[in-house]
Amino acid sequence: MAMAGRLRSTLPLLQKILGSDSLSSQRSTIQRAVLSPKSVHSERNFATAPATKDAKVKVPVAMFGGAGNYASALYIAAVKANAMDKVEVELFDLVEATKKSPTFFQFTKDLSVPSETRIKAINDICAQAKFSDVTKNFLVVLAQNGRLRHIESIAKRFSELSMAHKGEVKAIVTTVIPLPPEEEKELKDTLQEIIGKGKKVKLEQKVDASILGGLVVEFEQKVFDMSIKTRAKQMERFLRDPVNFDIL
């Protein structure tokens, strides 16, 4: 991906910034841990264009915890800017960069890096990667508040909001070996019938040899465990339970 390539090209710049004398300053004071989506601060930092006072965006899924609150704030800003897809791609590009670069990973985790240094690095990286203003301003807030270390969990929460926004339902199927295309389509069609119209199934496959066989399907906080492993455990419990002859 071209954007990912631009992001990787900024890593030497990050190393230069981290090697500067500014790192010798004292540990910065971490500001608010949770950014309220309704706060004036979030409007100032995230909005790319002036919004009318009557413009209100409803978060489609209730999110909890620090990562959920940050993701909700970003969702509102992205919807107002009509930039949901772009922001999601940029967010996960940054997550991938933390996985591929030990230096960048350490930078996001190290709270001893002064706030002004984190902000400068993020501004420079976003400029060279050509990130949108929504993403850039959001990352600056994370850098300022010492929350860059939570970027992956925030990105996952944001992805959940993005799917809900598009009317998509994520279904995870776990099998011993990958499903052939025809079986994957059949399962997807079956789940689509269960979920009903108005929502689109987005199927994700996982391989786990420990289930021994069968499959496990998870969607909308429901779990259908049809694995051989679970059936074997159920059979074992049945055989271990004493037989009550009084009810025979």
# chains A, B, ... in the order shown; residues from 1 in each chain; ligands from 1
call {"tool": "select_by_dssp", "arguments": {"residues": "range 54-105 of chain A", "states": "helix (DSSP H, G or I)", "output": "ChimeraX atom specification"}}
result
/A:65-80,84-100,102-105
call {"tool": "write_last_selection", "arguments": {"atoms": "N, CA and C atoms", "output": "compact mmCIF listing (two decimals), in the first residue's frame"}}
result
# COMPACT_ATOMS: atom_id res chain seq x y z
N GLY A 65 -14.88 2.32 28.62
CA GLY A 65 -13.45 2.38 28.91
C GLY A 65 -12.77 3.49 28.13
N GLY A 66 -11.50 3.71 28.44
CA GLY A 66 -10.74 4.77 27.79
C GLY A 66 -10.68 4.62 26.29
N ALA A 67 -10.35 3.40 25.81
CA ALA A 67 -10.25 3.17 24.36
C ALA A 67 -11.58 3.40 23.68
N GLY A 68 -12.66 3.00 24.34
CA GLY A 68 -13.98 3.19 23.76
C GLY A 68 -14.36 4.65 23.64
N ASN A 69 -14.01 5.44 24.65
CA ASN A 69 -14.32 6.87 24.61
C ASN A 69 -13.52 7.59 23.53
N TYR A 70 -12.24 7.25 23.41
CA TYR A 70 -11.43 7.86 22.36
C TYR A 70 -11.96 7.46 20.97
N ALA A 71 -12.30 6.18 20.80
CA ALA A 71 -12.81 5.70 19.52
C ALA A 71 -14.13 6.39 19.17
N SER A 72 -14.98 6.61 20.17
CA SER A 72 -16.25 7.28 19.95
C SER A 72 -16.04 8.72 19.51
N ALA A 73 -15.08 9.40 20.15
CA ALA A 73 -14.77 10.78 19.77
C ALA A 73 -14.27 10.85 18.34
N LEU A 74 -13.41 9.90 17.96
CA LEU A 74 -12.88 9.87 16.60
C LEU A 74 -13.99 9.56 15.61
N TYR A 75 -14.89 8.66 15.98
CA TYR A 75 -16.02 8.31 15.10
C TYR A 75 -16.86 9.54 14.79
N ILE A 76 -17.18 10.31 15.80
CA ILE A 76 -18.00 11.51 15.61
C ILE A 76 -17.32 12.49 14.67
N ALA A 77 -16.01 12.69 14.87
CA ALA A 77 -15.26 13.61 14.02
C ALA A 77 -15.19 13.10 12.59
N ALA A 78 -14.95 11.79 12.42
CA ALA A 78 -14.83 11.21 11.08
C ALA A 78 -16.14 11.26 10.32
N VAL A 79 -17.24 11.01 11.01
CA VAL A 79 -18.55 11.08 10.35
C VAL A 79 -18.85 12.51 9.91
N LYS A 80 -18.57 13.46 10.78
CA LYS A 80 -18.81 14.87 10.44
C LYS A 80 -17.97 15.30 9.24
N MET A 84 -14.83 8.42 7.12
CA MET A 84 -14.75 7.19 7.91
C MET A 84 -13.74 6.20 7.34
N ASP A 85 -13.86 5.90 6.04
CA ASP A 85 -12.98 4.88 5.44
C ASP A 85 -11.52 5.32 5.48
N LYS A 86 -11.26 6.56 5.14
CA LYS A 86 -9.89 7.07 5.11
C LYS A 86 -9.27 7.05 6.50
N VAL A 87 -10.01 7.48 7.50
CA VAL A 87 -9.50 7.50 8.87
C VAL A 87 -9.20 6.08 9.35
N GLU A 88 -10.07 5.13 9.03
CA GLU A 88 -9.86 3.75 9.46
C GLU A 88 -8.59 3.17 8.85
N VAL A 89 -8.39 3.42 7.55
CA VAL A 89 -7.18 2.92 6.87
C VAL A 89 -5.93 3.53 7.50
N GLU A 90 -5.97 4.83 7.73
CA GLU A 90 -4.81 5.53 8.30
C GLU A 90 -4.49 5.03 9.70
N LEU A 91 -5.54 4.78 10.47
CA LEU A 91 -5.35 4.32 11.84
C LEU A 91 -4.66 2.96 11.87
N PHE A 92 -5.09 2.05 10.99
CA PHE A 92 -4.49 0.71 10.97
C PHE A 92 -3.13 0.72 10.30
N ASP A 93 -2.87 1.67 9.41
CA ASP A 93 -1.52 1.83 8.87
C ASP A 93 -0.55 2.17 10.00
N LEU A 94 -1.00 3.03 10.91
CA LEU A 94 -0.14 3.42 12.04
C LEU A 94 0.08 2.23 12.97
N VAL A 95 -0.97 1.45 13.20
CA VAL A 95 -0.84 0.26 14.05
C VAL A 95 0.17 -0.71 13.45
N GLU A 96 0.10 -0.91 12.12
CA GLU A 96 1.05 -1.79 11.45
C GLU A 96 2.48 -1.27 11.58
N ALA A 97 2.63 0.06 11.54
CA ALA A 97 3.96 0.65 11.68
C ALA A 97 4.56 0.35 13.04
N THR A 98 3.72 0.35 14.09
CA THR A 98 4.22 0.04 15.44
C THR A 98 4.67 -1.41 15.54
N LYS A 99 4.05 -2.29 14.75
CA LYS A 99 4.41 -3.71 14.79
C LYS A 99 5.69 -4.00 14.01
N LYS A 100 5.94 -3.19 12.98
CA LYS A 100 7.09 -3.44 12.11
C LYS A 100 8.35 -2.70 12.56
N PRO A 102 10.48 -1.54 15.85
CA PRO A 102 10.70 -1.54 17.30
C PRO A 102 10.89 -0.13 17.85
N THR A 103 11.53 0.74 17.07
CA THR A 103 11.75 2.12 17.52
C THR A 103 10.45 2.86 17.68
N PHE A 104 9.59 2.74 16.68
CA PHE A 104 8.30 3.42 16.74
C PHE A 104 7.43 2.82 17.84
N PHE A 105 7.48 1.50 17.99
CA PHE A 105 6.72 0.83 19.04
C PHE A 105 7.13 1.36 20.42
call {"tool": "select_by_dssp", "arguments": {"residues": "range 38-225 of chain A", "states": "strand (DSSP E or B)", "output": "list in words"}}
result
Glu168, Val169, Lys170, Ala171, Ile172, Val173, Thr174, Thr175, Lys200, Val201, Lys202, Leu203, Glu204, Gln205, Lys206, Val207, Gly214, Leu215, Val216, Val217, Glu218, Phe219, Lys222, Val223, Phe224 and Asp225 of chain A
call {"tool": "atom_distance", "arguments": {"atom1": "CA of Asp133 in chain A", "atom2": "CA of Asn82 in chain A"}}
result
11.9 Å
call {"tool": "atom_distance", "arguments": {"atom1": "CA of Ser159 in chain A", "atom2": "CA of Lys202 in chain A"}}
result
12.4 Å
call {"tool": "atom_distance", "arguments": {"atom1": "CA of Arg149 in chain A", "atom2": "CA of Glu218 in chain A"}}
result
28.4 Å
call {"tool": "residues_around", "arguments": {"residues": "Lys200 in chain A", "least_positions_apart": "2", "cutoff": "9 Å", "atoms": "only C-alpha atoms", "output": "ChimeraX atom specification"}}
result
/A:166-170,192,195-198,202
call {"tool": "write_last_selection", "arguments": {"atoms": "N, CA, C and O atoms", "output": "short mmCIF file (atom, residue, chain, number, x, y, z; two decimals), in the first residue's frame"}}
result
data_model
loop_
_atom_site.label_atom_id
_atom_site.label_comp_id
_atom_site.auth_asym_id
_atom_site.auth_seq_id
_atom_site.Cartn_x
_atom_site.Cartn_y
_atom_site.Cartn_z
N LYS A 166 -21.65 1.01 8.78
CA LYS A 166 -21.91 0.50 7.44
C LYS A 166 -22.99 -0.59 7.44
O LYS A 166 -23.35 -1.11 6.39
N GLY A 167 -23.50 -0.94 8.63
CA GLY A 167 -24.50 -1.99 8.72
C GLY A 167 -23.91 -3.37 8.55
O GLY A 167 -24.59 -4.31 8.10
N GLU A 168 -22.64 -3.53 8.91
CA GLU A 168 -21.97 -4.82 8.79
C GLU A 168 -21.94 -5.55 10.13
O GLU A 168 -21.89 -4.92 11.19
N VAL A 169 -22.00 -6.87 10.08
CA VAL A 169 -21.89 -7.70 11.27
C VAL A 169 -20.69 -8.62 11.09
O VAL A 169 -20.63 -9.39 10.12
N LYS A 170 -19.76 -8.56 12.01
CA LYS A 170 -18.57 -9.41 11.93
C LYS A 170 -18.87 -10.78 12.52
O LYS A 170 -19.34 -10.90 13.65
N GLN A 192 -26.27 -14.92 6.99
CA GLN A 192 -27.02 -13.78 6.47
C GLN A 192 -28.52 -13.98 6.68
O GLN A 192 -29.25 -13.04 7.03
N ILE A 195 -29.19 -13.42 10.46
CA ILE A 195 -29.10 -12.01 10.86
C ILE A 195 -30.21 -11.18 10.25
O ILE A 195 -30.73 -10.25 10.86
N GLY A 196 -30.61 -11.52 9.02
CA GLY A 196 -31.71 -10.83 8.37
C GLY A 196 -31.25 -9.69 7.48
O GLY A 196 -30.07 -9.36 7.40
N LYS A 197 -32.22 -9.08 6.83
CA LYS A 197 -31.92 -7.98 5.92
C LYS A 197 -31.55 -6.72 6.71
O LYS A 197 -31.87 -6.57 7.88
N GLY A 198 -30.88 -5.81 6.00
CA GLY A 198 -30.48 -4.55 6.64
C GLY A 198 -29.08 -4.58 7.20
O GLY A 198 -28.51 -3.55 7.54
N LYS A 202 -19.86 -9.96 7.50
CA LYS A 202 -18.45 -9.90 7.13
C LYS A 202 -17.76 -11.06 7.85
O LYS A 202 -17.57 -11.03 9.06
#
